[in-house]
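J.: One structure follows; several queries about it will come next.
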Amino acid sequence: MISTSGSGAKWKESYTFYLLISPWLIGLVVFTLGPILGSLGLSFYDWDLISPAKFVGLRNFREMLSVDPLFWQSLKVTLVYVVFRVPLALVTALLLALMMNQKVPGIGVFRTIYYLPSVVSGVAVSMLWIWVFNPNFGLANGLLGLIGIQGPGWFSSTGWALPTMILTSLYAVGSTAIIFLAGLKNISESLYEAAELDGASKLQRFFTITVPQLTPTILFNLIMLMISSFQTFTESLIITNGGPANATLFFNLYLYQNAFAYSRFGYASALAWVLFTLTLIFALYTFRSSRKWVYYEGGDAS
Amino acid sequence: MSIMASTGGETAAASAARRRSGRIKASRIVVFLLLCLFSAFLIFPLLWMLSTSLKAPHEVMSLDLRLLPEKFQWNNYVELFRQYPVFRYMGNTAYITVMNIAGKLISCTLVAYGFAKYRARGKNVLFVILLSTMMVPWAVTMVPLFILFKEIGWYNTFLPLWVPSFFGDAFSIFLLRQFVMGIPKELEEAARIDGAGLPRVLWNVVVPNLKPALVVVAIFSFFYTWNDFLGPLIFLTDPDKATLQLGIQFLRTQFNVQWHYMMAFSVVSLVPCLVVFFFGQRQIVEGITLTGIK
């Protein structure tokens, strides 16, 4: 009798749990899992949404790998962006956080200013960059002109467009810095005091205490930056629309063009799966390698 | 002030610091100046945007880099609102944003409460799935969702832009769950003993205790929806239904970009974000700190 009423309560708890999470479960099926499977299926089809969909097997993937130079170009642009932007953003953010962690006056004001660019991420900021880096009347070349340097064409130059894109992406580095700052504040003061008594220099303390203690935060920021860099889209569409000469043709922009400019929904889905696979490989590889370099409290004991 | 106070302390570390206070003070001044310099880098582009928006056309297209306009052209803003349906764009954006915030607050509270306070078979697996959906690139679901919404006749309506928010959002659920776990069990039990059912427990106990976290979810959802470009770009074609982000893009695609209007439009679209940011910055910082440090 007791056991049945016990399992009855258990059943009721399960029932309430599933009732509570039902909005998310429905959304998961309709807006996430369903579309993921749909996208996988579509990648084997040729479909412009008007004429009937045609099954083409692996042809979309074959086309990408063998005859589509823009696929390789967009992959290259995206990988270059990831490889330069992620370490640059990590180091800049860490330096900012280390400086903010010194006992300097006005820390609240700095935190506000550094986070500010992260909340104004829309089209307006892209417009601002077009304007600031305008080769003729822009602020950037104007300032360079003051010290006698003839500035480059920035977004309108094939060589400079992608580096300028990486540079402007650092504008929002403050949000990463604030997460680092929170990580720094979590490091126990006693560790530093002990090291100081042992006569460790500032640099030694940084590499033997700060860096190891901060590795979980580094991992978190690394993964977040990587995912967001792979997904760059708005800036490339607004600022350069992939140009000049496809120098900033980001993967997602090329995918978007295939779907909504050329109505190649099957090919776009195949591209999406390549991106998905790449993101997963990068993320999984980072997680795996993190076992070697991320320090967890009490990790040595286990 | 605070430098003086910290070197005046009597702990061992502070007295060690005092011995080298000269050097420390100097290094702190350098750090302070570097922080100021970097702040200037971040603020200046925004000031430049504001400055351009208040300049006359001949000043904008000149090599004379002055932050202050010769004469403040407030009329640029009047003209902007007269020539372009900015209020309409703003109304459309505000509508979508409010619906998104409402949808996320309602659905995510329910789901987060379930994950935080109930035990059930399959819960841990579902929670892992919840977290991993954050890693799915939007490009993967974009095409099928576009087809789905087109098939059910939602293309060129606001519905695809807010209805999904009523079905939860992984990031917000995760954030709220962390807070719900901190609500003492006794509070809910006391309410239940008083005969409150689940809806009353949620409304009278959970929601009041969750207010700070709900504010964070509302703020993040505001920024995300207000600044969203891809969603409106894909689902809206009717210029009357455009959001602010699309409106700015329309201005850009015109034959001759008039930068004083463009920057004025940009300023208008950023002001609500800045207002929300300045009122909610404490909560925002707490929010990202909480999700970043698990």
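Each chain of the structure tokens is named A, B, ... in the order shown, its residues numbered from 1; ligands are numbered from 1 in display order.
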Taking only region 51-289 of chain A into account, list the residues labelled helix (DSSP H, G or I) by DSSP (computed from the backbone), as a ChimeraX atom specification.

T.: /A:59-67,69-101,107-119,123-132,139-146,154-156,161-172,174-186,189-197,202-230,234-240,251-261,265-289

J.: Which residues are near Arg119 (chain B)? Cut-off 9 Å, only C-alpha atoms, ignore same chain within fewer than 5 positions. Put them as a count of residues only.

T.: 5

J.: So, counting only C-alpha atoms, which residue among A:Ile218, A:Ile147, A:Val91, A:Leu191 is closest to Ser290 (chain A)?

T.: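 Nearest to Ser290 (chain A): A:Ile218.
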
J.: Rounded to one decimal, what separation in Å do you get between CA of Met100 (chain A) and CA of Lys185 (chain A)?

T.: 10.5 Å

J.: Near Phe260 (chain A), within 12 Å and counting only C-alpha atoms, which residues show up once chain neighbours fewer than 2 positions away are dropped, as a PyMOL selection string?

T.: (chain A and resi 48-49+252-258+262-269) or (chain B and resi 142-143+146-147+230+233-235)

J.: Return the single residue from A:Leu116, A:Leu79, A:Met226, A:Met64 that is closest to chain B, with distances computed using only C-alpha atoms.

T.: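 Of A:Leu116, A:Leu79, A:Met226, A:Met64, the one nearest chain B is A:Leu116, counting only C-alpha atoms.
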
J.: Excluding Trp24 (chain A) and any residue of its chain fewer than 6 positions from it, enumerate the residues within 8 Å of it, using only C-alpha atoms, and give them as a PyMOL selection string.

T.: chain B and resi 107-108+111+167-169

J.: List the neighbours of Leu96 (chain A) out to 8 Å using only C-alpha atoms; skip same-chain residues closer than 6 positions along the sequence, and give me the result as JSON, numbers by chain.

T.: {"A": [174, 177], "B": [35]}

J.: Please dump the current selection as a PDB file, in the first residue's frame; keep N, CA and C atoms.

T.:
ATOM      1  N   GLY A 174      34.118  44.002 -24.470  1.00  0.00           N
ATOM      2  CA  GLY A 174      33.862  44.275 -23.057  1.00  0.00           C
ATOM      3  C   GLY A 174      33.034  43.212 -22.355  1.00  0.00           C
ATOM      4  N   ALA A 177      35.296  40.619 -21.350  1.00  0.00           N
ATOM      5  CA  ALA A 177      36.146  41.119 -20.266  1.00  0.00           C
ATOM      6  C   ALA A 177      35.421  41.054 -18.928  1.00  0.00           C
TER       7      ALA A 177
ATOM      8  N   LEU B  35      43.050  52.419 -18.872  1.00  0.00           N
ATOM      9  CA  LEU B  35      41.604  52.171 -18.856  1.00  0.00           C
ATOM     10  C   LEU B  35      40.857  53.363 -19.452  1.00  0.00           C
TER      11      LEU B  35
END

J.: Can you tell me which residues surround Tyr114 (chain A) at a distance of at most 8 Å, considering only C-alpha atoms, apart from same-chain residues fewer than 6 positions away, and format the answer as a PyMOL selection string?

T.: (chain A and resi 172-175) or (chain B and resi 39+42)

J.: Write out as an NGL selection string the residues lying within 6 Å of region 53-66 of chain B, counting only C-alpha atoms and excluding same-chain residues fewer than 6 positions away.

T.: (:A and (137)) or (:B and (72-73 or 260 or 263-264))

J.: Restricting the output to N, CA and C atoms, write the selected residues as a PDB file, in the first residue's frame.

T.:
ATOM      1  N   PHE A 137      35.964  60.441 -46.339  1.00  0.00           N
ATOM      2  CA  PHE A 137      35.537  61.385 -45.319  1.00  0.00           C
ATOM      3  C   PHE A 137      35.466  60.760 -43.927  1.00  0.00           C
TER       4      PHE A 137
ATOM      5  N   PHE B  72      24.387  73.377 -34.399  1.00  0.00           N
ATOM      6  CA  PHE B  72      23.664  72.117 -34.204  1.00  0.00           C
ATOM      7  C   PHE B  72      22.440  72.053 -35.114  1.00  0.00           C
ATOM      8  N   GLN B  73      22.442  71.086 -36.023  1.00  0.00           N
ATOM      9  CA  GLN B  73      21.345  70.962 -36.983  1.00  0.00           C
ATOM     10  C   GLN B  73      20.257  70.041 -36.422  1.00  0.00           C
ATOM     11  N   HIS B 260      24.202  62.269 -42.678  1.00  0.00           N
ATOM     12  CA  HIS B 260      23.647  62.930 -41.484  1.00  0.00           C
ATOM     13  C   HIS B 260      22.299  62.315 -41.104  1.00  0.00           C
ATOM     14  N   MET B 263      23.075  58.695 -39.677  1.00  0.00           N
ATOM     15  CA  MET B 263      23.541  58.689 -38.292  1.00  0.00           C
ATOM     16  C   MET B 263      22.434  59.117 -37.330  1.00  0.00           C
ATOM     17  N   ALA B 264      21.571  60.037 -37.777  1.00  0.00           N
ATOM     18  CA  ALA B 264      20.442  60.427 -36.935  1.00  0.00           C
ATOM     19  C   ALA B 264      19.514  59.226 -36.702  1.00  0.00           C
TER      20      ALA B 264
END

J.: So, counting only C-alpha atoms, which residue among A:Pro163, A:Gly183, A:Gly8, A:Pro152 is closest to chain B?

T.: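 Looking at the shortest contact to chain B, the residue is A:Gly183.
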
J.: For CA of Ile281 (chain A) and CA of Val29 (chain A), determine how far apart the two atoms are, in Å to one decimal place.

T.: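 Atom-to-atom, CA of Ile281 (chain A) to CA of Val29 (chain A), that is 24.2 Å.
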
J.: Under the rule that only C-alpha atoms are counted, which of B:Glu70, B:Asp228, B:Glu151, B:Glu79 is the nearest residue to chain A?

T.: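 Answer, going by the shortest atom-to-atom distance: B:Asp228.
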